[in-house]
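Heads up, input04.cif below (mmCIF, C-alpha atoms):
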```cif
data_structure
#
loop_
_atom_site.label_atom_id
_atom_site.label_comp_id
_atom_site.auth_asym_id
_atom_site.auth_seq_id
_atom_site.Cartn_x
_atom_site.Cartn_y
_atom_site.Cartn_z
CA MET A 1 24.37 8.33 11.95
CA ASP A 2 22.46 10.55 9.48
CA TRP A 3 19.29 12.04 10.99
CA THR A 4 17.27 10.86 7.99
CA ILE A 5 17.79 7.23 9.07
CA TRP A 6 16.19 7.85 12.46
CA ALA A 7 13.47 9.98 10.91
CA GLY A 8 12.70 7.17 8.46
CA PHE A 9 12.53 4.63 11.29
CA ALA A 10 10.14 6.81 13.31
CA ALA A 11 7.94 7.52 10.28
CA GLY A 12 7.73 3.83 9.38
CA LEU A 13 6.82 2.89 12.96
CA LEU A 14 4.05 5.47 13.35
CA ILE A 15 2.53 5.06 9.89
CA SER A 16 2.46 1.25 9.94
CA THR A 17 0.83 1.15 13.38
CA VAL A 18 -2.08 3.18 11.99
CA THR A 19 -2.39 1.56 8.56
CA ALA A 20 -1.78 -2.17 9.23
CA PRO A 21 -5.27 -2.71 10.75
CA VAL A 22 -6.85 -1.72 7.42
CA GLY A 23 -4.54 -3.80 5.20
CA VAL A 24 -2.19 -1.02 4.07
CA SER A 25 1.56 -1.35 4.55
CA GLY A 26 2.00 2.40 5.06
CA ALA A 27 4.25 2.98 2.03
CA VAL A 28 1.55 5.08 0.40
CA PHE A 29 1.83 7.58 3.27
CA LEU A 30 5.58 7.22 3.71
CA LEU A 31 6.24 8.41 0.16
CA PRO A 32 5.39 12.11 0.75
CA VAL A 33 7.66 12.03 3.81
CA GLN A 34 10.50 10.72 1.65
CA LEU A 35 9.88 13.25 -1.12
CA SER A 36 9.22 16.37 0.97
CA ILE A 37 11.25 15.83 4.17
CA LEU A 38 13.94 13.23 3.55
CA GLY A 39 14.82 14.42 0.05
CA VAL A 40 14.80 11.09 -1.77
CA PRO A 41 14.98 11.83 -5.54
CA SER A 42 12.42 10.63 -8.09
CA PRO A 43 12.15 7.90 -9.34
CA ALA A 44 14.44 6.33 -6.68
CA VAL A 45 11.72 7.05 -4.09
CA THR A 46 9.55 4.31 -5.63
CA PRO A 47 11.98 1.37 -5.16
CA THR A 48 12.85 2.77 -1.71
CA ASN A 49 9.17 2.49 -0.83
CA LEU A 50 9.09 -1.06 -2.18
CA LEU A 51 12.13 -1.91 -0.04
CA PHE A 52 10.22 -0.53 2.96
CA ASN A 53 7.38 -2.95 2.18
CA VAL A 54 9.76 -5.90 1.93
CA VAL A 55 11.30 -5.22 5.34
CA ALA A 56 8.10 -4.09 7.10
CA GLY A 57 5.69 -6.69 5.70
CA PRO A 58 6.55 -9.73 7.86
CA GLY A 59 5.56 -7.94 11.09
CA ALA A 60 1.85 -7.70 10.34
CA LEU A 61 1.77 -10.92 8.29
CA TRP A 62 3.24 -12.97 11.14
CA ARG A 63 0.59 -11.66 13.51
CA TYR A 64 -2.23 -12.33 11.03
CA ARG A 65 -0.90 -15.82 10.37
CA ARG A 66 -0.86 -16.59 14.07
CA ASN A 67 -4.57 -15.82 14.43
CA GLY A 68 -5.49 -17.70 11.23
CA ALA A 69 -6.50 -14.63 9.22
CA LEU A 70 -4.34 -15.59 6.22
CA ARG A 71 -6.34 -18.71 5.41
CA GLY A 72 -8.45 -18.73 2.28
CA SER A 73 -8.01 -18.16 -1.44
CA LEU A 74 -8.22 -14.35 -1.55
CA ALA A 75 -4.57 -13.78 -0.62
CA ARG A 76 -3.32 -16.38 -3.14
CA ARG A 77 -5.35 -14.87 -5.98
CA LEU A 78 -4.29 -11.31 -5.22
CA VAL A 79 -0.63 -12.32 -5.11
CA ALA A 80 -0.83 -14.23 -8.40
CA TRP A 81 -2.55 -11.42 -10.29
CA THR A 82 -0.74 -8.39 -8.91
CA LEU A 83 2.76 -9.77 -9.61
CA PRO A 84 2.79 -9.24 -13.41
CA GLY A 85 1.19 -5.82 -12.96
CA VAL A 86 3.84 -4.52 -10.56
CA ILE A 87 6.66 -5.54 -12.91
CA ALA A 88 5.00 -3.71 -15.81
CA GLY A 89 4.38 -0.71 -13.57
CA ALA A 90 8.05 -0.50 -12.61
CA ALA A 91 9.04 -0.29 -16.28
CA ILE A 92 6.42 2.40 -16.93
CA ARG A 93 7.64 4.41 -13.91
CA VAL A 94 11.26 4.45 -15.07
CA PHE A 95 10.80 5.05 -18.78
CA ALA A 96 7.46 6.90 -19.12
CA LEU A 97 6.68 8.70 -15.83
CA PRO A 98 9.98 9.92 -14.34
CA GLY A 99 8.64 13.34 -13.27
CA PRO A 100 6.87 13.84 -9.92
CA ASP A 101 3.98 15.99 -11.25
CA ALA A 102 2.43 13.36 -13.52
CA PHE A 103 3.15 10.82 -10.79
CA ARG A 104 1.17 12.77 -8.18
CA LEU A 105 -1.76 13.44 -10.52
CA LEU A 106 -2.03 9.74 -11.34
CA VAL A 107 -2.09 8.73 -7.68
CA SER A 108 -4.58 11.44 -6.69
CA ALA A 109 -6.91 10.36 -9.49
CA PHE A 110 -7.08 6.90 -7.90
CA LEU A 111 -7.04 7.64 -4.18
CA LEU A 112 -9.33 10.68 -3.88
CA PRO A 113 -12.46 9.11 -5.42
CA LEU A 114 -11.74 5.74 -3.81
CA GLY A 115 -11.44 7.20 -0.32
CA THR A 116 -14.53 9.39 -0.74
CA TRP A 117 -16.53 6.44 -2.07
CA LEU A 118 -15.52 4.25 0.85
CA CYS A 119 -16.48 6.87 3.44
CA LEU A 120 -19.87 7.41 1.80
CA ARG A 121 -20.53 3.67 1.58
CA THR A 122 -19.60 3.29 5.25
CA LEU A 123 -21.89 6.09 6.44
CA ARG A 124 -24.74 5.08 4.10
CA PRO A 125 -24.26 1.37 3.37
CA ALA A 126 -25.99 -0.05 0.32
CA ARG A 127 -28.20 -3.11 0.65
CA THR A 128 -26.27 -5.91 -0.97
CA ARG A 129 -26.32 -9.69 -0.64
CA PRO A 130 -23.24 -11.05 1.19
CA GLU A 131 -22.10 -12.96 -1.89
CA ALA A 132 -22.33 -9.78 -4.00
CA ALA A 133 -19.52 -8.22 -1.97
CA VAL A 134 -16.96 -10.66 -3.40
CA PRO A 135 -15.92 -9.83 -6.99
CA SER A 136 -16.10 -12.58 -9.58
CA ILE A 137 -12.82 -14.30 -10.39
CA PRO A 138 -12.37 -12.46 -13.75
CA ALA A 139 -13.23 -9.11 -12.13
CA LEU A 140 -10.84 -9.75 -9.24
CA ALA A 141 -8.09 -10.72 -11.69
CA ALA A 142 -8.56 -7.54 -13.75
CA LEU A 143 -8.66 -5.41 -10.61
CA ALA A 144 -5.53 -6.99 -9.11
CA LEU A 145 -3.59 -6.72 -12.39
CA THR A 146 -4.49 -3.03 -12.80
CA VAL A 147 -3.77 -2.19 -9.18
CA GLY A 148 -0.49 -4.09 -9.34
CA MET A 149 0.56 -1.94 -12.28
CA VAL A 150 -0.36 1.28 -10.47
CA GLY A 151 1.36 -0.04 -7.35
CA GLY A 152 4.52 -0.70 -9.33
CA ILE A 153 4.46 2.87 -10.59
CA TYR A 154 3.84 4.30 -7.13
CA GLY A 155 5.93 1.93 -5.03
CA ILE A 156 3.11 0.73 -2.78
CA GLY A 157 2.63 -2.88 -3.90
CA GLY A 158 -1.07 -2.19 -4.58
CA GLY A 159 -2.55 -2.88 -1.15
CA SER A 160 -3.61 0.70 -0.48
CA LEU A 161 -5.69 0.63 -3.66
CA LEU A 162 -7.07 -2.91 -3.37
CA GLY A 163 -8.17 -2.33 0.23
CA PRO A 164 -10.51 0.62 -0.43
CA VAL A 165 -12.01 -1.04 -3.54
CA LEU A 166 -12.81 -4.33 -1.80
CA ALA A 167 -13.98 -2.59 1.37
CA ALA A 168 -16.30 -0.30 -0.60
CA ARG A 169 -17.92 -3.43 -2.11
CA GLY A 170 -18.78 -4.57 1.41
CA MET A 171 -16.13 -7.17 2.17
CA PRO A 172 -15.10 -7.24 5.86
CA LEU A 173 -11.71 -5.71 6.67
CA ALA A 174 -10.81 -8.70 8.81
CA ARG A 175 -10.67 -10.66 5.53
CA ILE A 176 -9.28 -7.89 3.33
CA ALA A 177 -6.36 -6.70 5.47
CA PRO A 178 -4.31 -9.93 5.61
CA ALA A 179 -4.83 -10.64 1.89
CA THR A 180 -3.86 -7.16 0.68
CA LEU A 181 -0.82 -7.07 2.95
CA ALA A 182 0.29 -10.47 1.59
CA ALA A 183 -0.10 -9.17 -1.98
CA THR A 184 1.78 -5.99 -1.10
CA PHE A 185 4.67 -7.92 0.44
CA THR A 186 5.05 -10.34 -2.47
CA THR A 187 4.72 -7.77 -5.23
CA SER A 188 7.12 -5.42 -3.43
CA ILE A 189 9.83 -8.08 -3.58
CA ALA A 190 9.26 -8.42 -7.34
CA GLY A 191 9.06 -4.64 -7.81
CA ALA A 192 12.23 -3.90 -5.87
CA ALA A 193 14.12 -6.55 -7.85
CA THR A 194 12.78 -5.10 -11.12
CA TYR A 195 13.93 -1.59 -10.22
CA THR A 196 17.37 -2.91 -9.28
CA VAL A 197 17.71 -4.47 -12.75
CA LEU A 198 16.31 -1.37 -14.50
CA ALA A 199 18.85 0.79 -12.66
CA LEU A 200 21.56 -0.87 -14.75
CA ALA A 201 19.96 0.51 -17.95
CA SER A 202 18.88 3.94 -16.73
CA PRO A 203 21.18 6.95 -16.21
CA GLY A 204 18.93 8.51 -13.54
CA PRO A 205 18.53 7.77 -9.80
CA VAL A 206 16.58 4.52 -10.13
CA ALA A 207 18.17 2.27 -7.47
CA PRO A 208 16.63 2.43 -3.97
CA ASP A 209 18.13 4.30 -1.03
CA TRP A 210 19.11 1.10 0.77
CA TRP A 211 19.87 2.52 4.21
CA LEU A 212 16.70 4.59 4.39
CA GLY A 213 14.54 1.79 3.01
CA VAL A 214 15.84 -0.69 5.59
CA ALA A 215 15.57 1.81 8.48
CA SER A 216 11.99 2.83 7.69
CA GLY A 217 11.14 -0.81 7.06
CA ALA A 218 12.46 -1.77 10.49
CA GLY A 219 10.13 0.78 12.03
CA GLY A 220 7.31 -0.56 9.86
CA LEU A 221 8.09 -4.12 10.97
CA ILE A 222 7.37 -3.19 14.58
CA GLY A 223 4.45 -0.90 13.74
CA GLY A 224 2.84 -3.48 11.46
CA TYR A 225 2.84 -6.11 14.19
CA LEU A 226 1.33 -3.65 16.66
CA GLY A 227 -1.32 -2.56 14.16
CA ALA A 228 -2.31 -6.13 13.31
CA ARG A 229 -2.60 -6.89 17.01
CA LEU A 230 -4.91 -3.89 17.47
CA GLN A 231 -7.25 -4.75 14.57
CA PRO A 232 -9.58 -7.21 16.40
CA LEU A 233 -10.12 -4.56 19.09
CA LEU A 234 -11.35 -1.89 16.65
CA PRO A 235 -14.93 -1.72 15.29
CA GLU A 236 -15.45 -2.36 11.57
CA THR A 237 -17.06 1.04 10.97
CA ALA A 238 -14.09 2.87 12.49
CA LEU A 239 -11.65 0.84 10.37
CA ARG A 240 -13.56 1.61 7.17
CA LEU A 241 -13.74 5.31 7.93
CA LEU A 242 -10.03 5.34 8.78
CA LEU A 243 -9.11 3.68 5.48
CA GLY A 244 -11.37 5.94 3.45
CA THR A 245 -10.22 9.11 5.20
CA LEU A 246 -6.54 8.26 4.78
CA ALA A 247 -6.96 7.51 1.07
CA ALA A 248 -9.05 10.62 0.35
CA ALA A 249 -6.75 12.92 2.35
CA LEU A 250 -3.66 11.69 0.54
CA GLY A 251 -5.38 12.00 -2.84
CA ALA A 252 -6.46 15.57 -2.04
CA MET A 253 -2.96 16.51 -0.89
CA TYR A 254 -1.40 15.23 -4.11
CA THR A 255 -4.03 17.05 -6.19
CA VAL A 256 -3.14 20.35 -4.53
CA GLN A 257 0.60 19.73 -4.95
CA SER A 258 0.22 18.81 -8.62
CA LEU A 259 -1.85 21.90 -9.44
CA ALA A 260 0.24 24.34 -7.41
#
```
Could you write out this file's structure as structure tokens?
Amino acid sequence: MDWTIWAGFAAGLLISTVTAPVGVSGAVFLLPVQLSILGVPSPAVTPTNLLFNVVAGPGALWRYRRNGALRGSLARRLVAWTLPGVIAGAAIRVFALPGPDAFRLLVSAFLLPLGTWLCLRTLRPARTRPEAAVPSIPALAALALTVGMVGGIYGIGGGSLLGPVLAARGMPLARIAPATLAATFTTSIAGAATYTVLALASPGPVAPDWWLGVASGAGGLIGGYLGARLQPLLPETALRLLLGTLAAALGAMYTVQSLA
């Protein structure tokens, strides 16, 4: 069997174990591995990432459902409002942003300030009323739609962007993580299907790398369950700093790569 299949499985396992406690599927950190190490071409790397989310998602979600963390309206609203965004983002990715340089600059522009903001808010929390942490329904809808579009472009389902934004507002990660993972899983199914259809009308490498996506997703399935099981054992401050640091570090890395 090709070494890239085993490498993808190992990467999915390790990344998901670290990211699932903060509501991120791990696809946002798997993408540079696919581009730089495994040699997946652009834009096929995006639907391959979405396929990873589809296979890996049930691991963490099953664990969160067992402990009741998926109850409430936040997950339903995020799913409903990110779905149309991810479909639009897939079309933009194929027809308007096929090159990796513009792709990396776009992602870094979102993740670097978000991660820095979250770390600063964690170390020096603002005094806000508990109800102020939850966005209004129109604001949440606009946020989810925009993030869904960016997630469709990037192949992450949107969870890695929604998580830092909601956490920086002061919402607890125990509530955020299950909802953003549910949105990521659902929108990834829609995004992967959209890319499969778009591949029929595009001459470039648009269809996902099925074997690699399934292999890395299988690793993510196991890692996601382990990460979700670890979340109640980790302090909120450590989870927030982990999420912010991961987002800022990835944004900085893409900035350097884009400007090099």
Could you state which residues are captured by the PyMOL selection byres ((chain A and resi 70-74) around 9) in this file, as a ChimeraX atom specification? /A:61,64-69,75-79,175-176,178-180,182
Name the residues that the PyMOL selection byres ((chain A and resi 81-87) around 6) picks from the file above, as a PyMOL selection string, using the file's chain letters and numbers. chain A and resi 78-80+88-90+141+144-145+148-149+152+187+191
I'd like to see the residues matched by the PyMOL selection byres ((chain A and resi 185) around 9) on this file, and ideally I'd get them as a PyMOL selection string. chain A and resi 25+50+53-58+61+79+157+159+180-184+186-189
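Among A:Ser136, A:Ser216, A:Val150, A:Ala168, the residue with the shortest atom-to-atom distance to Ala109 in chain A, counting all atoms listed in the file, is A:Val150.
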How many Å lie between CA of Pro135 in chain A and CA of Arg240 in chain A, rounded to one decimal? 18.4 Å
Taking 5 positions as the minimum chain separation for residues in the same chain, which residues sit within 12 Å of Ala7 in chain A when counting all atoms listed in the file? Answer as JSON, numbers by chain. {"A": [1, 2, 12, 13, 14, 30, 33, 34, 37, 38, 39, 211, 212, 213, 215, 216, 217, 218, 219]}
Of A:Val24, A:Leu140, A:Leu161, A:Arg124, the one sitting nearest Leu111 in chain A when using all atoms listed in the file is A:Leu161
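Counting all atoms listed in the file, the residue from A:Gly163, A:Gly59, A:Gly170, A:Pro41 that sits nearest to Ala207 in chain A is A:Pro41.
Here CA of Ala20 in chain A and CA of Gly251 in chain A stand 19.0 Å from one another.
Distances from A:Ile5, A:Leu120, A:Ala252, A:Val28 to Ile153 in chain A were compared using all atoms listed in the file, and the smallest one belongs to A:Val28.
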Proximity to Tyr254 in chain A - best of A:Leu105, A:Ala192, A:Ala201, A:Leu233, all atoms listed in the file: A:Leu105
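Take the candidates A:Phe110, A:Tyr195, A:Trp6, A:Phe95 and check each one against Ala44 in chain A using only C-alpha atoms; the shortest distance goes to A:Tyr195.
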May I ask for the distance between CA of Trp62 in chain A and CA of Leu166 in chain A, given in Å to one decimal place? 22.4 Å
If we count all atoms listed in the file, what is near Gly224 in chain A at a cut-off of 6 Å, once residues fewer than 3 positions away on the same chain are taken out, given as an MDAnalysis selection string? chainID A and resid 16:17 20 59:60 220:221 227
